[in-house]
Amino acid sequence: MLVHIVLMRLRSKASSAALYDLERRVRDLAEAVAGPDACVVGPNITEEPLSQEYEFGFVLRFASHAELDAYHVNPAHLPISLAIRDVSRTVLVFDFALEA
C-alpha cells in the first residue's frame, strides 16, 4: 500500500467555499481511482506547536503504485493541483509505502 500525503499552509484569502470544493474534488478523484475509503481530508484541528502552520490536508491510500500513477495522470488531477495552488502559500507532498 502507498500513502500520499498533501499538507497546505493556506493563503489568507482561502475561503471556506473553496476548501469545501477542494475537499469534494479530492474525495471524488480518490474514490474513482482507489475506492470509497481511500481518502481522508480536512483542516488541522489542534494547536500543535510542531504543525508549522499547515492548516489543511489530505491523505490518500493506494493499493499499488499503478493506482498512484493513475491518480496523477487522471484529467481531474490538474484542476485539483491548480486549486491547491490557488488556496495555498506552501504545499508539502510526501509519499511512502506501507509494508505488509
# chains A, B, ... in the order shown; residues from 1 in each chain; ligands from 1
>>> residues_around(residues="A:Ala14", least_positions_apart="3", cutoff="12 Å", atoms="only C-alpha atoms", output="mmCIF file with C-alpha atoms, in the first residue's frame")
data_model
loop_
_atom_site.group_PDB
_atom_site.id
_atom_site.type_symbol
_atom_site.label_atom_id
_atom_site.label_comp_id
_atom_site.auth_asym_id
_atom_site.auth_seq_id
_atom_site.Cartn_x
_atom_site.Cartn_y
_atom_site.Cartn_z
ATOM 1 C CA MET A 8 -1.168 23.056 2.912
ATOM 2 C CA ARG A 9 -0.409 26.389 4.521
ATOM 3 C CA LEU A 10 -3.375 28.444 3.420
ATOM 4 C CA ARG A 11 -3.438 31.913 1.931
ATOM 5 C CA ALA A 17 -16.297 27.532 -0.068
ATOM 6 C CA ALA A 18 -13.022 26.990 -1.954
ATOM 7 C CA LEU A 19 -11.828 24.497 0.664
ATOM 8 C CA TYR A 20 -15.154 22.658 0.623
ATOM 9 C CA ASP A 21 -14.969 22.410 -3.172
ATOM 10 C CA LEU A 22 -11.359 21.199 -2.991
ATOM 11 C CA GLU A 55 -3.799 24.193 8.192
ATOM 12 C CA PHE A 56 -5.413 21.784 5.739
ATOM 13 C CA ALA A 83 -6.994 24.743 -6.888
ATOM 14 C CA ILE A 84 -4.453 23.725 -4.243
ATOM 15 C CA ARG A 85 -2.029 26.299 -5.624
ATOM 16 C CA ASP A 86 -4.742 28.977 -5.521
ATOM 17 C CA VAL A 87 -5.584 28.471 -1.826
ATOM 18 C CA SER A 88 -2.071 27.673 -0.531
ATOM 19 C CA ARG A 89 1.015 29.619 0.433
#
>>> select_by_dssp(residues="chain A", states="alpha helix (DSSP H)", output="ChimeraX atom specification")
/A:16-34,65-73,77-87
>>> write_last_selection(atoms="C-alpha atoms", output="CSV table (one decimal), in the first residue's frame")
chain,number,residue,atom,x,y,z
A,16,SER,CA,-14.5,28.1,3.2
A,17,ALA,CA,-16.3,27.5,-0.1
A,18,ALA,CA,-13.0,27.0,-2.0
A,19,LEU,CA,-11.8,24.5,0.7
A,20,TYR,CA,-15.2,22.7,0.6
A,21,ASP,CA,-15.0,22.4,-3.2
A,22,LEU,CA,-11.4,21.2,-3.0
A,23,GLU,CA,-12.3,18.6,-0.4
A,24,ARG,CA,-15.2,17.3,-2.6
A,25,ARG,CA,-13.0,17.1,-5.7
A,26,VAL,CA,-10.2,15.3,-3.9
A,27,ARG,CA,-12.6,12.8,-2.5
A,28,ASP,CA,-14.3,12.2,-5.8
A,29,LEU,CA,-11.0,11.6,-7.6
A,30,ALA,CA,-9.7,9.3,-4.9
A,31,GLU,CA,-12.9,7.3,-4.9
A,32,ALA,CA,-12.8,7.0,-8.7
A,33,VAL,CA,-9.2,5.7,-8.7
A,34,ALA,CA,-8.8,3.8,-5.4
A,65,HIS,CA,2.0,2.2,-7.5
A,66,ALA,CA,-0.2,1.8,-10.6
A,67,GLU,CA,-3.2,3.3,-8.7
A,68,LEU,CA,-1.0,6.3,-7.5
A,69,ASP,CA,0.2,6.7,-11.1
A,70,ALA,CA,-3.5,6.6,-12.3
A,71,TYR,CA,-4.3,9.3,-9.8
A,72,HIS,CA,-1.5,11.6,-11.1
A,73,VAL,CA,-2.4,11.2,-14.8
A,77,HIS,CA,-5.8,15.9,-11.1
A,78,LEU,CA,-4.6,19.0,-12.8
A,79,PRO,CA,-7.6,21.2,-11.8
A,80,ILE,CA,-7.2,19.9,-8.2
A,81,SER,CA,-3.5,20.8,-8.3
A,82,LEU,CA,-4.3,24.3,-9.6
A,83,ALA,CA,-7.0,24.7,-6.9
A,84,ILE,CA,-4.5,23.7,-4.2
A,85,ARG,CA,-2.0,26.3,-5.6
A,86,ASP,CA,-4.7,29.0,-5.5
A,87,VAL,CA,-5.6,28.5,-1.8
>>> select_by_dssp(residues="stretch 4-60 of chain A", states="strand (DSSP E or B)", output="list in words")
His4, Ile5, Val6, Leu7, Met8, Arg9, Leu10, Cys39, Val40, Val41, Gly42, Pro43, Phe56, Gly57, Phe58, Val59 and Leu60 of chain A
>>> atom_distance(atom1="atom CA of A:Phe62", atom2="atom CA of A:Pro43")
21.5 Å
>>> closest_residue(among="A:Val3, A:Ser64, A:Leu98, A:Glu53", to="A:Val40", atoms="only C-alpha atoms")
A:Val3
>>> closest_residue(among="A:Ala97, A:Leu60, A:Val91, A:Ile5", to="A:Gly35", atoms="only C-alpha atoms")
A:Leu60
>>> atom_distance(atom1="atom CA of A:Cys39", atom2="atom CA of A:Leu92")
16.9 Å
>>> atom_distance(atom1="atom CA of A:Ser12", atom2="atom CA of A:Tyr54")
12.8 Å
